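Student: One file: coords-v4.pdb (PDB, C-alpha atoms, pLDDT in the B column).
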MODEL        1
ATOM      1  CA  MET X 139      60.286 -76.499  21.900  1.00 85.00           C
ATOM      2  CA  ILE X 140      56.873 -76.873  23.558  1.00 86.00           C
ATOM      3  CA  ILE X 141      58.473 -76.862  27.002  1.00 89.00           C
ATOM      4  CA  GLY X 142      60.424 -73.736  26.065  1.00 86.00           C
ATOM      5  CA  CYS X 143      57.207 -71.993  24.943  1.00 87.00           C
ATOM      6  CA  GLY X 144      55.512 -73.024  28.159  1.00 88.00           C
ATOM      7  CA  LEU X 145      58.370 -71.611  30.214  1.00 89.00           C
ATOM      8  CA  MET X 146      58.317 -68.377  28.213  1.00 90.00           C
ATOM      9  CA  LEU X 147      54.571 -68.057  28.750  1.00 91.00           C
ATOM     10  CA  THR X 148      55.003 -68.611  32.483  1.00 91.00           C
ATOM     11  CA  LEU X 149      57.789 -66.031  32.603  1.00 92.00           C
ATOM     12  CA  PHE X 150      55.670 -63.535  30.660  1.00 91.00           C
ATOM     13  CA  ASN X 151      52.703 -64.030  33.005  1.00 92.00           C
ATOM     14  CA  SER X 152      54.976 -63.595  36.027  1.00 92.00           C
ATOM     15  CA  ALA X 153      56.378 -60.359  34.584  1.00 92.00           C
ATOM     16  CA  ILE X 154      52.877 -58.985  33.994  1.00 93.00           C
ATOM     17  CA  THR X 155      51.918 -59.856  37.577  1.00 93.00           C
ATOM     18  CA  VAL X 156      55.023 -58.088  38.906  1.00 94.00           C
ATOM     19  CA  PHE X 157      54.232 -54.916  36.944  1.00 92.00           C
ATOM     20  CA  GLN X 158      50.622 -54.957  38.141  1.00 94.00           C
ATOM     21  CA  ARG X 159      51.783 -55.307  41.745  1.00 95.00           C
ATOM     22  CA  GLN X 160      54.196 -52.407  41.297  1.00 95.00           C
ATOM     23  CA  ASP X 161      51.316 -50.225  40.093  1.00 94.00           C
ATOM     24  CA  GLU X 162      49.232 -51.289  43.096  1.00 96.00           C
ATOM     25  CA  ILE X 163      52.138 -50.512  45.422  1.00 97.00           C
ATOM     26  CA  ALA X 164      52.477 -47.016  43.934  1.00 96.00           C
ATOM     27  CA  VAL X 165      48.760 -46.317  44.445  1.00 96.00           C
ATOM     28  CA  LEU X 166      48.873 -47.644  47.997  1.00 97.00           C
ATOM     29  CA  GLU X 167      51.948 -45.544  48.799  1.00 97.00           C
ATOM     30  CA  LYS X 168      50.050 -42.413  47.713  1.00 97.00           C
ATOM     31  CA  GLU X 169      47.091 -43.428  49.873  1.00 97.00           C
ATOM     32  CA  LYS X 170      49.447 -44.087  52.783  1.00 98.00           C
ATOM     33  CA  LYS X 171      50.943 -40.591  52.496  1.00 97.00           C
ATOM     34  CA  ALA X 172      47.455 -39.046  52.420  1.00 97.00           C
ATOM     35  CA  VAL X 173      46.392 -41.027  55.494  1.00 98.00           C
ATOM     36  CA  GLU X 174      49.585 -40.081  57.349  1.00 97.00           C
ATOM     37  CA  LYS X 175      48.968 -36.408  56.540  1.00 97.00           C
ATOM     38  CA  GLU X 176      45.380 -36.684  57.791  1.00 97.00           C
ATOM     39  CA  LYS X 177      46.580 -38.487  60.928  1.00 98.00           C
ATOM     40  CA  LYS X 178      49.058 -35.699  61.654  1.00 97.00           C
ATOM     41  CA  ALA X 179      46.331 -33.067  61.217  1.00 96.00           C
ATOM     42  CA  LEU X 180      43.998 -34.978  63.538  1.00 97.00           C
ATOM     43  CA  GLU X 181      46.719 -35.377  66.163  1.00 96.00           C
ATOM     44  CA  ASN X 182      47.306 -31.628  65.997  1.00 95.00           C
ATOM     45  CA  GLU X 183      43.582 -31.000  66.404  1.00 92.00           C
ATOM     46  CA  ILE X 184      43.472 -33.364  69.398  1.00 94.00           C
ATOM     47  CA  SER X 185      46.290 -31.468  71.083  1.00 94.00           C
ATOM     48  CA  LEU X 186      44.470 -28.180  70.455  1.00 93.00           C
ATOM     49  CA  LEU X 187      41.210 -29.562  71.815  1.00 91.00           C
ATOM     50  CA  ASN X 188      42.975 -30.546  75.033  1.00 93.00           C
ATOM     51  CA  ASP X 189      43.677 -26.835  75.621  1.00 92.00           C
ATOM     52  CA  ASP X 190      40.734 -25.276  77.499  1.00 90.00           C
ATOM     53  CA  ASP X 191      41.467 -21.752  76.217  1.00 89.00           C
ATOM     54  CA  TYR X 192      41.409 -22.970  72.613  1.00 91.00           C
ATOM     55  CA  VAL X 193      38.118 -24.820  73.151  1.00 90.00           C
ATOM     56  CA  ALA X 194      36.516 -21.741  74.727  1.00 86.00           C
ATOM     57  CA  ARG X 195      37.701 -19.463  71.905  1.00 86.00           C
ATOM     58  CA  TYR X 196      36.581 -21.988  69.272  1.00 87.00           C
ATOM     59  CA  ALA X 197      33.129 -22.240  70.850  1.00 84.00           C
ATOM     60  CA  ARG X 198      32.783 -18.454  70.980  1.00 81.00           C
ATOM     61  CA  GLU X 199      33.859 -18.013  67.360  1.00 80.00           C
ATOM     62  CA  ASN X 200      31.888 -20.856  65.805  1.00 81.00           C
ATOM     63  CA  TYR X 201      28.899 -21.419  68.069  1.00 79.00           C
ATOM     64  CA  VAL X 202      28.233 -17.907  69.434  1.00 74.00           C
ATOM     65  CA  PHE X 203      28.958 -18.887  73.029  1.00 76.00           C
ATOM     66  CA  THR X 204      29.579 -15.956  75.316  1.00 76.00           C
ATOM     67  CA  ARG X 205      31.408 -15.236  78.509  1.00 76.00           C
ATOM     68  CA  GLU X 206      29.444 -14.128  81.539  1.00 78.00           C
ATOM     69  CA  GLY X 207      28.277 -10.555  81.018  1.00 78.00           C
ATOM     70  CA  GLU X 208      29.246 -10.571  77.340  1.00 76.00           C
ATOM     71  CA  GLN X 209      26.746  -9.782  74.584  1.00 76.00           C
ATOM     72  CA  VAL X 210      26.876 -10.915  70.960  1.00 71.00           C
ATOM     73  CA  ALA X 211      25.679  -8.789  68.061  1.00 72.00           C
ATOM     74  CA  ILE X 212      25.176 -10.634  64.779  1.00 74.00           C
ATOM     75  CA  ILE X 213      25.517  -8.363  61.769  1.00 77.00           C
ATOM     76  CA  PRO X 214      23.773  -9.700  58.627  1.00 82.00           C
ATOM     77  CA  GLY X 215      25.992 -10.164  55.597  1.00 75.00           C
ATOM     78  CA  VAL X 216      29.232 -10.206  57.584  1.00 62.00           C
ATOM     79  CA  GLU X 217      30.996 -13.485  58.100  1.00 60.00           C
TER
ENDMDL
END
Could you spell out this file's structure in structure tokens?
Tutor:
Amino acid sequence: MIIGCGLMLTLFNSAITVFQRQDEIAVLEKEKKAVEKEKKALENEISLLNDDDYVARYARENYVFTREGEQVAIIPGVE
């Protein structure tokens, strides 16, 4: 009887451990999907940044760089 109770306790503890691991796996799978999505976005950004025309346009739009002979007028209140 004591051996049977000991085996049942061991089985119960093993079952709890399995369920905890399954929860951890589910959380890690969600994190993995988020990281893969971020990786894909970064790879896309890398490919865009390898394009000189994109880099020039990005610099003009975000950092007010100009082409030769071009003038920039900043209008307050307009984004």
Student: In terms of the shortest atom-to-atom distance over all atoms listed in the file, which of X:Glu167, X:Glu183, X:Glu162, X:Glu174 is closest to Tyr196 of chain X?
Tutor: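 Closest to Tyr196 of chain X, using all atoms listed in the file: X:Glu183.
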Student: The residues within 12 Å of (25.2, -12.4, 64.8), using all atoms listed in the file and the coordinates of the file, should be reported as a list of chain:residue names; which are they?
Tutor: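 Nearby residues: X:Arg198, X:Glu199, X:Asn200, X:Tyr201, X:Val202, X:Phe203, X:Thr204, X:Gln209, X:Val210, X:Ala211, X:Ile212, X:Ile213, X:Pro214, X:Gly215, X:Val216, X:Glu217.
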Student: Please compute the atom CA of Ala194 of chain X-atom CA of Glu208 of chain X distance, one decimal, in Å.
Tutor: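 The value is 13.6 Å.
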Student: Expressed in Å to a single decimal, how great is the separation between atom CA of Arg205 of chain X and atom CA of Leu180 of chain X?
Tutor: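 Computed distance, atom CA of Arg205 of chain X to atom CA of Leu180 of chain X, equals 27.8 Å.
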Student: What are the centre and edge lengths in Å, to one decimal, of the axis-aligned box around all listed atoms of segment 184-194 of chain X with 5 Å added on each side, as JSON?
Tutor:
{"center_x": 41.4, "center_y": -27.6, "center_z": 73.4, "size_x": 19.8, "size_y": 21.6, "size_z": 18.1}
Student: Using atom CA of Glu176 of chain X and atom CA of Arg159 of chain X as the two end points, give the distance in Å to one decimal.
Tutor: 25.4 Å
